[in-house]
Structure formats: structure tokens, C-alpha cells
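Asks: Enclosed is the structure file structure-v5.txt (compact mmCIF, C-alpha atoms).
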```
# COMPACT_ATOMS: atom_id res chain seq x y z
CA MET A 1 -7.55 -47.29 -3.55
CA ALA A 2 -7.50 -43.50 -3.46
CA PHE A 3 -4.47 -41.74 -4.94
CA LEU A 4 -3.11 -38.44 -3.67
CA ASN A 5 -1.70 -35.53 -5.66
CA ASP A 6 2.00 -36.44 -5.79
CA ASN A 7 2.92 -32.86 -6.60
CA TYR A 8 2.37 -31.90 -2.96
CA LEU A 9 5.20 -34.23 -2.03
CA LYS A 10 7.60 -32.02 -4.00
CA LEU A 11 7.13 -29.18 -1.53
CA LYS A 12 10.34 -28.96 0.47
CA THR A 13 9.00 -27.59 3.77
CA GLY A 14 5.88 -26.14 5.30
CA TYR A 15 4.61 -22.80 4.03
CA LEU A 16 6.99 -20.06 5.24
CA PHE A 17 4.76 -18.22 7.69
CA PRO A 18 3.42 -21.26 9.57
CA GLU A 19 7.06 -22.35 9.93
CA ILE A 20 7.91 -18.98 11.44
CA GLY A 21 4.94 -19.37 13.76
CA ARG A 22 6.16 -22.78 14.87
CA ARG A 23 9.63 -21.44 15.68
CA VAL A 24 8.28 -18.44 17.53
CA LYS A 25 5.98 -20.64 19.62
CA ALA A 26 8.87 -22.90 20.56
CA PHE A 27 10.93 -19.87 21.60
CA CYS A 28 8.09 -18.40 23.68
CA ASP A 29 7.40 -21.72 25.39
CA ALA A 30 11.08 -21.97 26.35
CA ASN A 31 11.44 -18.29 27.29
CA PRO A 32 8.20 -17.08 28.92
CA GLU A 33 9.75 -13.83 30.17
CA ALA A 34 11.04 -12.91 26.70
CA ALA A 35 7.64 -13.81 25.28
CA GLN A 36 6.12 -10.95 27.28
CA ARG A 37 8.16 -8.40 25.34
CA LEU A 38 7.88 -10.08 21.93
CA ILE A 39 7.10 -7.78 18.99
CA ARG A 40 6.01 -9.31 15.71
CA CYS A 41 7.31 -7.70 12.53
CA GLY A 42 7.20 -10.86 10.44
CA ILE A 43 3.93 -11.69 8.73
CA GLY A 44 2.34 -8.82 6.82
CA ASP A 45 -0.83 -8.65 8.89
CA VAL A 46 -2.41 -5.30 9.69
CA THR A 47 -2.92 -4.20 13.28
CA GLU A 48 -5.09 -1.06 13.18
CA PRO A 49 -8.92 -0.99 13.35
CA LEU A 50 -11.02 -1.01 10.19
CA PRO A 51 -11.88 2.39 8.66
CA PRO A 52 -15.03 3.79 10.32
CA ALA A 53 -16.73 4.06 6.91
CA ALA A 54 -16.35 0.30 6.42
CA ILE A 55 -17.64 -0.41 9.94
CA ALA A 56 -20.71 1.78 9.38
CA ALA A 57 -21.41 0.08 6.05
CA MET A 58 -21.15 -3.36 7.63
CA HIS A 59 -23.53 -2.41 10.43
CA LYS A 60 -26.05 -1.12 7.91
CA ALA A 61 -25.69 -4.28 5.82
CA VAL A 62 -26.20 -6.49 8.87
CA ASP A 63 -29.40 -4.59 9.65
CA GLU A 64 -30.57 -5.22 6.08
CA MET A 65 -30.12 -8.95 6.67
CA ALA A 66 -32.67 -8.70 9.49
CA GLY A 67 -35.56 -7.83 7.17
CA ARG A 68 -37.27 -10.03 4.61
CA ASP A 69 -37.48 -7.20 2.08
CA THR A 70 -33.79 -6.30 2.36
CA PHE A 71 -32.29 -9.72 3.11
CA LYS A 72 -29.60 -10.95 0.71
CA GLY A 73 -28.82 -14.56 -0.06
CA TYR A 74 -26.53 -15.72 -2.83
CA GLY A 75 -25.06 -12.80 -4.73
CA PRO A 76 -23.35 -12.71 -8.12
CA GLU A 77 -20.32 -14.98 -8.03
CA GLN A 78 -18.22 -12.31 -9.73
CA GLY A 79 -19.32 -9.56 -7.33
CA TYR A 80 -22.21 -7.12 -7.02
CA GLU A 81 -22.44 -4.65 -9.91
CA TRP A 82 -22.24 -1.60 -7.62
CA LEU A 83 -18.90 -2.70 -6.16
CA ARG A 84 -17.44 -3.64 -9.54
CA ALA A 85 -18.48 -0.24 -10.87
CA ALA A 86 -16.85 1.58 -7.94
CA ILE A 87 -13.62 -0.37 -8.41
CA ALA A 88 -13.43 0.10 -12.17
CA LYS A 89 -14.07 3.83 -11.93
CA ASN A 90 -11.91 4.75 -8.94
CA ASP A 91 -8.97 2.40 -9.37
CA PHE A 92 -8.72 2.45 -13.14
CA ARG A 93 -10.82 4.80 -15.27
CA ASP A 94 -10.08 7.79 -13.04
CA ARG A 95 -6.39 6.99 -13.61
CA GLY A 96 -6.80 6.78 -17.38
CA CYS A 97 -7.00 2.96 -17.61
CA GLU A 98 -9.88 1.66 -19.73
CA ILE A 99 -11.20 -1.17 -17.59
CA ALA A 100 -14.86 -2.14 -17.86
CA ASP A 101 -17.00 -2.96 -14.82
CA ASP A 102 -17.47 -6.57 -15.92
CA GLU A 103 -13.71 -7.08 -16.26
CA ILE A 104 -13.56 -6.89 -12.44
CA PHE A 105 -14.01 -10.14 -10.48
CA VAL A 106 -14.48 -9.75 -6.70
CA SER A 107 -13.01 -12.50 -4.52
CA ASP A 108 -12.01 -13.31 -0.94
CA GLY A 109 -8.31 -12.61 -1.38
CA ALA A 110 -5.52 -11.81 -3.83
CA LYS A 111 -3.52 -14.71 -2.37
CA CYS A 112 -6.33 -17.05 -3.36
CA ASP A 113 -6.62 -15.57 -6.84
CA THR A 114 -2.91 -15.75 -7.64
CA GLY A 115 -3.13 -19.48 -6.98
CA ASN A 116 -6.58 -20.11 -8.44
CA ILE A 117 -5.71 -18.35 -11.70
CA LEU A 118 -3.71 -21.45 -12.64
CA ASP A 119 -7.03 -23.24 -13.22
CA ILE A 120 -7.35 -21.49 -16.60
CA PHE A 121 -3.75 -22.09 -17.77
CA GLY A 122 -2.41 -25.28 -19.31
CA HIS A 123 0.51 -27.46 -18.25
CA LYS A 124 2.74 -26.60 -21.22
CA ASN A 125 3.49 -23.08 -20.00
CA LYS A 126 7.00 -22.02 -19.06
CA ILE A 127 6.50 -20.14 -15.79
CA ALA A 128 8.75 -17.28 -14.65
CA VAL A 129 8.87 -15.96 -11.09
CA SER A 130 10.92 -13.30 -9.36
CA ASP A 131 13.59 -14.41 -6.90
CA PRO A 132 13.03 -13.55 -4.09
CA VAL A 133 9.31 -14.03 -4.49
CA TYR A 134 6.04 -14.29 -2.57
CA PRO A 135 6.01 -18.07 -1.83
CA VAL A 136 2.42 -18.58 -3.01
CA TYR A 137 3.42 -18.11 -6.66
CA VAL A 138 5.93 -20.95 -6.51
CA ASP A 139 4.07 -23.33 -4.21
CA THR A 140 0.80 -23.23 -6.15
CA ASN A 141 2.65 -24.02 -9.38
CA VAL A 142 4.29 -26.96 -7.62
CA MET A 143 0.88 -28.17 -6.42
CA ALA A 144 -0.52 -27.83 -9.94
CA GLY A 145 2.24 -29.97 -11.43
CA HIS A 146 3.94 -27.18 -13.38
CA THR A 147 7.41 -27.85 -11.93
CA GLY A 148 9.95 -30.58 -11.48
CA GLU A 149 11.64 -31.52 -8.22
CA ALA A 150 13.44 -29.00 -6.01
CA ASN A 151 17.17 -29.02 -5.42
CA ASP A 152 18.81 -28.60 -2.01
CA ALA A 153 18.44 -24.81 -2.24
CA GLY A 154 14.69 -25.16 -2.82
CA THR A 155 14.87 -24.15 -6.50
CA TYR A 156 12.40 -26.07 -8.65
CA ALA A 157 13.17 -27.51 -12.05
CA ARG A 158 11.11 -26.13 -14.97
CA LEU A 159 10.57 -22.78 -13.25
CA VAL A 160 12.45 -19.79 -14.65
CA TYR A 161 13.80 -17.64 -11.80
CA LEU A 162 14.26 -13.91 -12.40
CA PRO A 163 16.90 -12.55 -10.00
CA CYS A 164 16.07 -9.44 -7.96
CA LYS A 165 19.29 -7.94 -6.65
CA PRO A 166 20.82 -4.58 -5.77
CA SER A 167 22.16 -4.10 -9.32
CA ASN A 168 18.64 -4.04 -10.79
CA GLY A 169 17.00 -2.30 -7.85
CA PHE A 170 15.33 -5.60 -6.84
CA ILE A 171 13.07 -5.39 -9.91
CA PRO A 172 13.39 -8.38 -12.28
CA GLU A 173 14.34 -7.87 -15.91
CA PRO A 174 12.83 -9.72 -18.88
CA PRO A 175 14.76 -12.92 -19.56
CA LYS A 176 16.69 -13.64 -22.74
CA ARG A 177 14.76 -16.88 -23.18
CA HIS A 178 11.08 -17.46 -23.93
CA VAL A 179 8.55 -17.84 -21.13
CA ASP A 180 4.76 -17.99 -21.29
CA VAL A 181 3.50 -16.83 -17.89
CA ILE A 182 5.27 -14.21 -15.75
CA TYR A 183 4.57 -13.35 -12.11
CA LEU A 184 5.37 -9.72 -11.30
CA CYS A 185 4.69 -8.01 -7.98
CA SER A 186 4.93 -4.22 -7.61
CA PRO A 187 5.43 -2.90 -5.03
CA ASN A 188 7.33 -6.09 -4.46
CA ASN A 189 6.80 -8.48 -1.61
CA PRO A 190 9.29 -9.04 0.03
CA THR A 191 11.80 -6.42 -1.19
CA GLY A 192 9.55 -3.33 -1.09
CA ALA A 193 10.81 -2.22 -4.52
CA ALA A 194 8.33 -0.58 -6.92
CA ALA A 195 8.71 -0.83 -10.70
CA ASN A 196 9.00 2.38 -12.70
CA ARG A 197 7.35 3.03 -16.06
CA PRO A 198 10.31 2.02 -18.28
CA GLN A 199 10.66 -1.25 -16.37
CA LEU A 200 6.98 -2.12 -16.85
CA GLU A 201 7.12 -1.00 -20.49
CA ALA A 202 9.95 -3.47 -21.05
CA TRP A 203 7.85 -6.26 -19.55
CA VAL A 204 4.77 -5.42 -21.61
CA LYS A 205 6.93 -5.28 -24.76
CA TYR A 206 8.39 -8.68 -23.90
CA ALA A 207 4.97 -10.21 -23.20
CA LEU A 208 3.48 -8.93 -26.45
CA GLU A 209 6.43 -10.20 -28.47
CA HIS A 210 6.31 -13.64 -26.84
CA LYS A 211 2.50 -13.82 -26.60
CA ALA A 212 3.02 -14.29 -22.87
CA VAL A 213 0.71 -13.37 -19.99
CA ILE A 214 1.84 -11.22 -17.06
CA LEU A 215 0.23 -12.01 -13.70
CA PHE A 216 0.63 -8.62 -12.04
CA ASP A 217 0.19 -8.57 -8.26
CA ALA A 218 -0.57 -4.97 -7.21
CA ALA A 219 -1.78 -5.75 -3.70
CA TYR A 220 0.40 -2.95 -2.26
CA GLU A 221 -0.17 -0.28 -4.93
CA ALA A 222 -1.85 2.08 -2.44
CA TYR A 223 1.53 2.47 -0.71
CA ILE A 224 3.18 4.05 -3.76
CA THR A 225 4.11 7.60 -2.76
CA ASP A 226 6.22 8.51 -5.80
CA ALA A 227 3.91 10.26 -8.29
CA ASN A 228 6.05 9.04 -11.19
CA LEU A 229 5.50 5.34 -10.45
CA PRO A 230 2.62 3.41 -12.07
CA HIS A 231 -0.05 1.98 -9.77
CA SER A 232 -1.37 -0.45 -12.39
CA ILE A 233 0.09 -2.47 -15.26
CA TYR A 234 -2.76 -1.06 -17.36
CA GLU A 235 -1.13 2.36 -17.27
CA ILE A 236 1.26 0.86 -19.84
CA PRO A 237 -0.05 0.79 -23.45
CA GLY A 238 -0.63 -2.76 -24.66
CA ALA A 239 -1.07 -4.25 -21.18
CA ARG A 240 -4.75 -5.06 -21.81
CA GLU A 241 -3.53 -7.59 -24.37
CA CYS A 242 -1.02 -9.32 -22.09
CA ALA A 243 -1.79 -8.87 -18.37
CA ILE A 244 -4.07 -9.92 -15.51
CA GLU A 245 -3.95 -7.73 -12.40
CA PHE A 246 -4.61 -8.70 -8.78
CA ARG A 247 -5.67 -6.19 -6.11
CA SER A 248 -6.67 -6.48 -2.46
CA CYS A 249 -8.48 -4.59 0.30
CA SER A 250 -6.32 -6.32 2.90
CA LYS A 251 -3.44 -3.89 3.25
CA ASN A 252 -5.09 -0.58 2.27
CA GLY A 253 -8.44 -1.07 4.03
CA GLY A 254 -7.19 -3.44 6.74
CA PHE A 255 -9.35 -6.31 5.46
CA THR A 256 -7.00 -9.18 6.30
CA GLY A 257 -9.61 -10.61 8.65
CA VAL A 258 -12.60 -9.49 6.57
CA ARG A 259 -11.47 -10.86 3.17
CA CYS A 260 -12.14 -8.96 -0.03
CA ALA A 261 -10.05 -8.54 -3.16
CA TYR A 262 -10.47 -8.52 -6.91
CA THR A 263 -8.85 -9.64 -10.14
CA VAL A 264 -8.94 -7.82 -13.47
CA VAL A 265 -9.17 -9.97 -16.61
CA PRO A 266 -9.47 -7.82 -19.76
CA LYS A 267 -11.70 -9.17 -22.53
CA SER A 268 -8.93 -8.42 -25.03
CA LEU A 269 -6.51 -10.87 -23.35
CA ASN A 270 -6.04 -14.15 -25.22
CA ALA A 271 -4.10 -17.38 -24.76
CA GLN A 272 -3.39 -20.28 -27.09
CA THR A 273 -5.25 -23.58 -27.26
CA LYS A 274 -3.42 -26.86 -27.87
CA ASP A 275 -4.39 -26.71 -31.57
CA GLY A 276 -2.85 -23.26 -32.01
CA ALA A 277 -5.95 -21.09 -31.92
CA PHE A 278 -6.23 -18.07 -29.62
CA GLN A 279 -9.16 -17.73 -27.23
CA PRO A 280 -10.03 -15.05 -24.64
CA LEU A 281 -9.29 -15.78 -20.99
CA HIS A 282 -12.14 -13.62 -19.63
CA PRO A 283 -14.90 -16.21 -20.20
CA LEU A 284 -12.70 -18.96 -18.74
CA TRP A 285 -12.17 -17.03 -15.50
CA LEU A 286 -15.88 -16.20 -15.42
CA ARG A 287 -16.71 -19.88 -15.76
CA ARG A 288 -14.18 -20.80 -13.10
CA MET A 289 -15.65 -18.26 -10.67
CA THR A 290 -19.26 -19.24 -11.26
CA THR A 291 -18.43 -22.94 -10.93
CA LYS A 292 -16.07 -22.94 -7.93
CA PHE A 293 -17.06 -19.84 -5.96
CA ASN A 294 -20.27 -18.55 -4.39
CA GLY A 295 -19.08 -14.98 -4.05
CA VAL A 296 -17.96 -12.67 -1.25
CA SER A 297 -20.62 -11.94 1.36
CA TYR A 298 -22.94 -8.97 0.83
CA ILE A 299 -21.87 -7.47 4.15
CA VAL A 300 -18.19 -7.52 3.21
CA GLN A 301 -18.83 -6.11 -0.26
CA ARG A 302 -20.74 -3.17 1.24
CA ALA A 303 -17.73 -2.54 3.49
CA ALA A 304 -15.42 -2.62 0.46
CA GLU A 305 -17.70 -0.22 -1.42
CA ALA A 306 -17.47 2.22 1.51
CA LEU A 307 -13.69 2.44 1.01
CA TYR A 308 -14.42 4.38 -2.19
CA SER A 309 -16.61 6.98 -0.47
CA PRO A 310 -14.99 10.37 0.29
CA GLU A 311 -14.81 9.46 3.98
CA GLY A 312 -13.48 5.97 3.18
CA LYS A 313 -10.75 7.30 0.90
CA ALA A 314 -9.55 9.71 3.58
CA GLN A 315 -9.55 6.98 6.22
CA VAL A 316 -7.64 4.59 3.95
CA GLN A 317 -5.02 7.26 3.32
CA ALA A 318 -4.68 7.77 7.08
CA LEU A 319 -4.08 4.04 7.56
CA ILE A 320 -1.48 3.96 4.81
CA GLY A 321 0.18 7.04 6.27
CA HIS A 322 0.38 5.32 9.65
CA TYR A 323 2.08 2.20 8.27
CA LEU A 324 4.43 4.17 6.03
CA GLY A 325 5.35 6.25 9.07
CA ASN A 326 6.23 3.00 10.83
CA ALA A 327 8.33 2.02 7.82
CA THR A 328 10.34 5.23 8.12
CA VAL A 329 10.95 4.59 11.81
CA LEU A 330 12.05 1.00 11.14
CA ARG A 331 14.29 1.99 8.22
CA ASP A 332 16.01 4.54 10.41
CA GLY A 333 16.46 1.98 13.21
CA ALA A 334 17.98 -0.59 10.85
CA LYS A 335 20.33 2.02 9.38
CA LYS A 336 21.36 3.09 12.86
CA ALA A 337 22.24 -0.54 13.50
CA GLY A 338 24.68 -0.30 10.58
CA LEU A 339 22.60 -2.49 8.25
CA LYS A 340 22.05 -1.95 4.52
CA VAL A 341 18.40 -1.17 3.91
CA SER A 342 16.04 -0.85 0.94
CA GLY A 343 12.26 -0.69 0.53
CA GLY A 344 9.92 0.94 3.03
CA VAL A 345 9.30 4.05 0.89
CA ASN A 346 6.67 2.91 -1.62
CA ALA A 347 5.82 -0.24 0.32
CA PRO A 348 5.23 -1.37 3.94
CA TYR A 349 8.22 -3.73 3.88
CA ILE A 350 11.86 -3.04 4.69
CA TRP A 351 14.40 -5.33 3.02
CA VAL A 352 17.56 -5.62 5.09
CA LYS A 353 20.94 -7.11 4.23
CA ALA A 354 22.24 -9.27 7.07
CA PRO A 355 25.85 -8.74 8.16
CA LYS A 356 28.46 -10.60 6.13
CA GLY A 357 28.54 -14.31 6.87
CA VAL A 358 25.12 -14.33 8.59
CA THR A 359 22.42 -16.42 6.94
CA SER A 360 18.77 -15.40 6.85
CA TRP A 361 17.70 -17.92 9.47
CA GLN A 362 20.70 -17.05 11.66
CA ALA A 363 19.56 -13.44 11.53
CA PHE A 364 16.03 -14.59 12.40
CA ASP A 365 17.25 -16.55 15.42
CA LYS A 366 19.52 -13.75 16.66
CA ILE A 367 16.89 -11.02 16.36
CA LEU A 368 14.28 -13.25 17.98
CA GLY A 369 16.56 -14.45 20.75
CA GLU A 370 18.31 -11.18 21.62
CA ALA A 371 15.91 -8.44 20.58
CA ASN A 372 12.71 -10.52 20.98
CA VAL A 373 11.52 -9.29 17.59
CA VAL A 374 10.05 -11.51 14.87
CA ILE A 375 11.21 -10.77 11.32
CA THR A 376 10.98 -12.87 8.14
CA PRO A 377 14.08 -14.65 6.81
CA GLY A 378 14.78 -13.72 3.22
CA SER A 379 15.69 -17.27 2.18
CA GLY A 380 12.05 -18.20 2.70
CA PHE A 381 11.28 -16.14 -0.40
CA GLY A 382 13.84 -17.85 -2.64
CA SER A 383 17.55 -18.46 -3.07
CA LYS A 384 18.29 -14.82 -3.93
CA GLY A 385 16.74 -13.85 -0.61
CA GLU A 386 19.47 -15.63 1.30
CA GLY A 387 21.44 -13.19 3.42
CA TYR A 388 18.50 -10.80 3.75
CA PHE A 389 15.50 -10.44 6.04
CA ARG A 390 12.21 -8.55 5.81
CA ILE A 391 10.76 -6.27 8.48
CA SER A 392 7.04 -5.55 8.28
CA ALA A 393 5.74 -2.07 9.12
CA PHE A 394 2.30 -3.37 10.04
CA ASN A 395 2.24 -2.54 13.73
CA SER A 396 1.51 0.18 16.26
CA ARG A 397 3.79 3.24 16.22
CA ALA A 398 4.94 2.43 19.76
CA ASN A 399 6.04 -1.06 18.69
CA ALA A 400 7.81 0.28 15.60
CA GLU A 401 9.71 2.76 17.74
CA GLU A 402 10.64 0.06 20.24
CA VAL A 403 11.93 -2.23 17.48
CA ALA A 404 13.94 0.66 16.06
CA ARG A 405 15.45 1.15 19.54
CA ARG A 406 16.31 -2.52 19.99
CA LEU A 407 17.93 -3.18 16.61
CA PRO A 408 21.04 -1.02 17.21
CA GLU A 409 21.60 -2.84 20.50
CA LEU A 410 22.32 -6.13 18.71
CA LYS A 411 25.95 -7.23 18.68
CA TRP A 412 26.61 -8.96 15.37
```
Take the structure in this file and express it as C-alpha cells.

Replies:
Amino acid sequence: MAFLNDNYLKLKTGYLFPEIGRRVKAFCDANPEAAQRLIRCGIGDVTEPLPPAAIAAMHKAVDEMAGRDTFKGYGPEQGYEWLRAAIAKNDFRDRGCEIADDEIFVSDGAKCDTGNILDIFGHKNKIAVSDPVYPVYVDTNVMAGHTGEANDAGTYARLVYLPCKPSNGFIPEPPKRHVDVIYLCSPNNPTGAAANRPQLEAWVKYALEHKAVILFDAAYEAYITDANLPHSIYEIPGARECAIEFRSCSKNGGFTGVRCAYTVVPKSLNAQTKDGAFQPLHPLWLRRMTTKFNGVSYIVQRAAEALYSPEGKAQVQALIGHYLGNATVLRDGAKKAGLKVSGGVNAPYIWVKAPKGVTSWQAFDKILGEANVVITPGSGFGSKGEGYFRISAFNSRANAEEVARRLPELKW
């Protein structure tokens, strides 16, 4: 008799975005004419071509694979040294953050890493997540057995939820109670809010006092336009002793279909064993990577390295400028429709308050059915997301402008 992992049975519904896909398909099948004018502003998938520098690097790497002398087989599971060096220098040391090359671990996605990181944490931890929150943080903890059952609102026992609401600028505040592991995302997905320095200082202070670990998802840091906002948790003194950071090439370099990201695990970061001793997490993550992962392909890593070239940096900035331009257009369209809007300034997501009395899924159905636009219902990100919806700026400018035209035509 084979036994399954009962924790999967705690999951209330399918993962949010496949559920959206199912509903959109049903609508398109029933309304083929409307399907022809459908615009997708739901899932945060990029739409523009890869930067030319990355394309050129991939072509060169493919040619290398054609020769015996330049062919590459298995690479280092934690990433090639030249890519780790480029990341550590450009993303951290040039910004004043002391991160060593070998504290960088290259992977195939920040989404994967934020789930896989649980492999090196025990079951006794009290886990805190923002609400609303990127669903992966919650669902992977459910799968790992770190939660109890969910109630009717989808809130899981044994998780500590940190409310993100207008009164705190949609940035969670440290709780009054003790927690051990904290998920923070800045700029935030889904709300588009970016934490300022005092807010991150408060979190680092809390983590150091409680000997907690912050799991800091900075996948959208390249979209921060405010020069006063931190791009990394390691810009805050003491963060090397309490934080792991996740970054991605998906949204800055357009690598959603190419797959490359990285995680930073400082050697000075420790966690407690069951007998009370403190041990570093760096060697545990190294062991996890070398045991369960064969590394990102050489071709993809050369493409990622090219993003740090002068040409690559300029092309990345052009991509970010395009999507942030879309965000401005969409913000303006939502405001013109009389809706309350936040986000979309330091992030590619616009967080919109639905009209009074309209639920998130009702807003989804109305916008899909009448405007033929796909958005993401806020309740899919947690109970505090109810009554909101997210609009993604990842699209062509023409589509963004058309969505901005259609939104004010809705009759709520």
C-alpha cells in the first residue's frame, strides 16, 4: 500500500492562476466573438522579446555546444562562477551590500526557490505571511505540513497572517507575537507596494530580536523608481544575520520562458537545531542544491550573464520602462473609471479596489464578460485581498491603452 501526502488534501482549491485559466477558457468557448477581443492582464507573464544581448549570448553558447572543445555538460549545481560573480558585483557590492560570489545560488526560478527553501527549515517554525500574499508562500507551507486545516475563507491554522491594508500602505508590520520565519515581498505581489527603509529596518530589528529568518522576495526590485527605496534587504544593517533574498531574471530580463533566478544565503545566517545549538544555513542550502538540482543550463546562464553587460543593462532598462509605461496608462484608465488605485509606480502591478459591495470574483466576471479583459481577483491572494483585483502591466502598449479605454465604459 502506497500512502500519499495528506497535506495536499488541505489545499482548498486549485492554484489561483490555473483556476483563472479554466474560467477564461470556459468563457471563450461560450463566447467565441468576445474571445477574439480578449486582452489578458491577469497572470504576470511578460510579452516583449528577450533583450538582444541575451539572444546573442544564447546563440554564441549554442554554437559552443557544437564543438567538442567548447561543449558543456553538467555545470556547477550552484551556478557557474562567472555568473555568480556578475550577480554579486552588480546587484549587491556595487550598491554597498557585502555579498560574496559563493553566497549566490543560481536556479531555474524564484517561485521554485521560495518553495524549495522549506527543505532546510524544520516543522516547529511559526510561519508568518503577508495578507494578501503570493499564493506560493502559503501553498508550499501547506504541502510541507507546516499548517493546520483551512477555514471557509481559506485561512490556514498555524499560519500567522500579516494584514496589508490602506492604513499601512499595503506593507505588513512586525507582529506583536513571536514568529520564526517571515515571508516579505517588496515590491509586493499583488499590491505593487514597495517597502521603505524604516519599514525594512523595523523588520530586521524584529528578526534579530526574535532570532527569526526573513525570506525576502525581491523578484520585482528592478521596477523600483524611487531612489529612496531599498532594492535589497541587505541594504539594511544586520540583514546578513537574519535574511535570505530571492531574485529573478523573469520580469526584468523577460526570462519567464527561459528560466533563471538566484537566491542569496549569507554565510553569517544561522538557525537553531532541535537541541538548541545554532548552525549556518548556507551549507544546508548548498547540500540541498547539489543533491536535488543539476543546475541551470549553460546556454541560459550565458544569457543571464549578458544582462549585466553595458548593452544588456540598457536593454533591461528599456523593457522595464515599457512595462512601467503600461502601468501608468492602466492606472490612469482605472482612475478614470472612478476606481481607487494603488501600486503601478514601483511595480508592474496595479491594485484596484472594487466598487462597494462587489466581491473580487464578481469584479473578475464583470470585467471579463463586459470588457473582455482578464484581471486577477484579489481574494485569490488571501482574505485581505477580498474586494480588490490586480491588473498586470505586462502587455503591449496598444493592449494597455485599449484596456484603459474599456475600463471607464463599465457600468458598475

Asks: With 10 Å as the cut-off and only C-alpha atoms counted, what is the closest atom pair between each nearby residue of stretch 207-267 of chain A and stretch 81-91 of chain A? Distances in Å to one decimal, ordered by chain and number, as a Markdown table.

Replies:
```
| residue | atom | partner | partner_atom | distance |
| --- | --- | --- | --- | --- |
| A:Ala222 | CA | A:Asp91 | CA | 9.9 |
| A:His231 | CA | A:Asp91 | CA | 8.9 |
| A:Ser232 | CA | A:Asp91 | CA | 8.7 |
| A:Arg247 | CA | A:Asp91 | CA | 9.8 |
| A:Tyr262 | CA | A:Ile87 | CA | 8.9 |
| A:Val264 | CA | A:Ala88 | CA | 9.2 |
```

Asks: If you count only C-alpha atoms, which residues fall within 12 Å of A:His282, apart from same-chain ones fewer than 4 positions away, as a list in words?

Replies: Gln78, Ala100, Asp102, Glu103, Ile104, Phe105, Ile117, Ile120, Arg240, Glu241, Ala243, Ile244, Thr263, Val264, Val265, Pro266, Lys267, Ser268, Leu269, Asn270, Ala271, Leu286, Arg287, Arg288 and Met289 of chain A

Asks: Around (19.1, -13.8, 19.4) in the file's own coordinates, what residues are found within 12 Å if you use all atoms listed in the file, given back as a list in words?

Replies: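 Residues satisfying the cut-off, written out: Val24, Phe27, Asn31, Ala34, Trp361, Gln362, Ala363, Phe364, Asp365, Lys366, Ile367, Leu368, Gly369, Glu370, Ala371, Asn372, Val373, Val374, Ile375, Arg406, Leu407, Glu409, Leu410, Lys411 and Trp412 of chain A.
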
Asks: When distances are computed from only C-alpha atoms, which of A:Cys97, A:Ile182, A:Leu162, A:Val133 shows the smallest separation from A:Ala239?

Replies: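 Checking each candidate against A:Ala239, we get A:Cys97 as the closest.
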
Asks: Which residue is closest to A:Gly148? Choose from A:Cys249, A:Asn7, A:Glu235, A:Thr47 and count only C-alpha atoms.

Replies: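 Of all the options, A:Asn7 lies closest to A:Gly148.
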
Asks: When you count only C-alpha atoms, which of these residues is closest to A:Lys126: A:Glu305, A:Asp113, A:Asp180, A:Glu33?

Replies: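 Nearest to A:Lys126: A:Asp180.
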
Asks: From the set A:Asn228, A:Ser342, A:Ser130, A:Thr155, which residue has the shortest atom-to-atom contact distance to A:Val142, counting all atoms listed in the file?

Replies: A:Thr155

Asks: So, with only C-alpha atoms as the atoms that count, which of A:Gly312, A:Gly115, A:Pro132, A:Gly253 lies closest to A:Gly387?

Replies: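 Result for the nearest residue to A:Gly387: A:Pro132.
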
Asks: Under the rule that only C-alpha atoms are counted, which of A:Ser250, A:Ser379, A:Gln272, A:Asn294 is the nearest residue to A:Leu307?

Replies: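 Using only C-alpha atoms, A:Leu307 sits closest to A:Ser250.
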
Asks: Write out as JSON, numbers by chain the residues lying within 8 Å of A:Ser248, counting all atoms listed in the file and excluding same-chain residues fewer than 4 positions away.

Replies: {"A": [109, 110, 218, 219, 220, 252, 260, 261, 262]}

Asks: Mind giving me the straight-line distance from atom CA of A:Gly238 to atom CA of A:His178 in Å, one decimal?

Replies: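 These two atoms are separated by 18.8 Å.
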
Asks: Would you kindly return, as a PDB file with C-alpha atoms, keeping the file's coordinate frame, each protein, DNA or RNA residue with an atom no farther than 10 Å from any atom of A:Glu209, considering only C-alpha atoms and excluding same-chain residues fewer than 5 positions away?

Replies:
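Dumped to selection_22.pdb:
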```pdb
ATOM      1  CA  HIS A 178      11.080 -17.460 -23.930  1.00  0.00           C
ATOM      2  CA  TRP A 203       7.850  -6.260 -19.550  1.00  0.00           C
ATOM      3  CA  VAL A 204       4.770  -5.420 -21.610  1.00  0.00           C
ATOM      4  CA  CYS A 242      -1.020  -9.320 -22.090  1.00  0.00           C
TER       5      CYS A 242
END
```

Asks: Find the distance between atom CA of A:Ala334 and atom CA of A:Ala404 and write it in Å to one decimal.

Replies: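 Between these atoms lies a distance of 6.7 Å.
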
Asks: Could you jot down the atom CA of A:Ser309 to atom CA of A:Pro49 separation for me, Å, one decimal place?

Replies: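 If I compute the distance from atom CA of A:Ser309 to atom CA of A:Pro49, I get 17.7 Å.
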
Asks: Show me, as a list in words, the residues that have an atom within 12 Å of A:Pro230 when counting all atoms listed in the file, minus same-chain residues fewer than 6 positions from it.

Replies: Asp91, Phe92, Arg95, Gly96, Cys97, Ser186, Pro187, Ala194, Ala195, Asn196, Arg197, Pro198, Gln199, Leu200, Glu201, Ala218, Tyr220, Glu221, Ala222, Tyr223, Ile224, Ile236, Pro237 and Asn346 of chain A

Asks: Would you pick out the contacts of A:Tyr80 at 9 Å or less, using only C-alpha atoms, so that residues sharing its chain but fewer than 5 positions from it are not included, and give the list as a compact mmCIF listing (two decimals) with C-alpha atoms, in the coordinates of the input?

Replies:
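Generated file (selection.txt):
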```txt
# COMPACT_ATOMS: atom_id res chain seq x y z
CA GLY A 75 -25.06 -12.80 -4.73
CA ALA A 85 -18.48 -0.24 -10.87
CA VAL A 106 -14.48 -9.75 -6.70
CA GLY A 295 -19.08 -14.98 -4.05
CA TYR A 298 -22.94 -8.97 0.83
CA GLN A 301 -18.83 -6.11 -0.26
```

Asks: Taking every listed atom of stretch 189-207 of chain A and adding 8 Å to each side, what centre and edge lengths in Å (one decimal) does the axis-aligned box have, as JSON?

Replies:
```
{"center_x": 8.3, "center_y": -3.6, "center_z": -12.4, "size_x": 23.0, "size_y": 29.2, "size_z": 40.8}
```
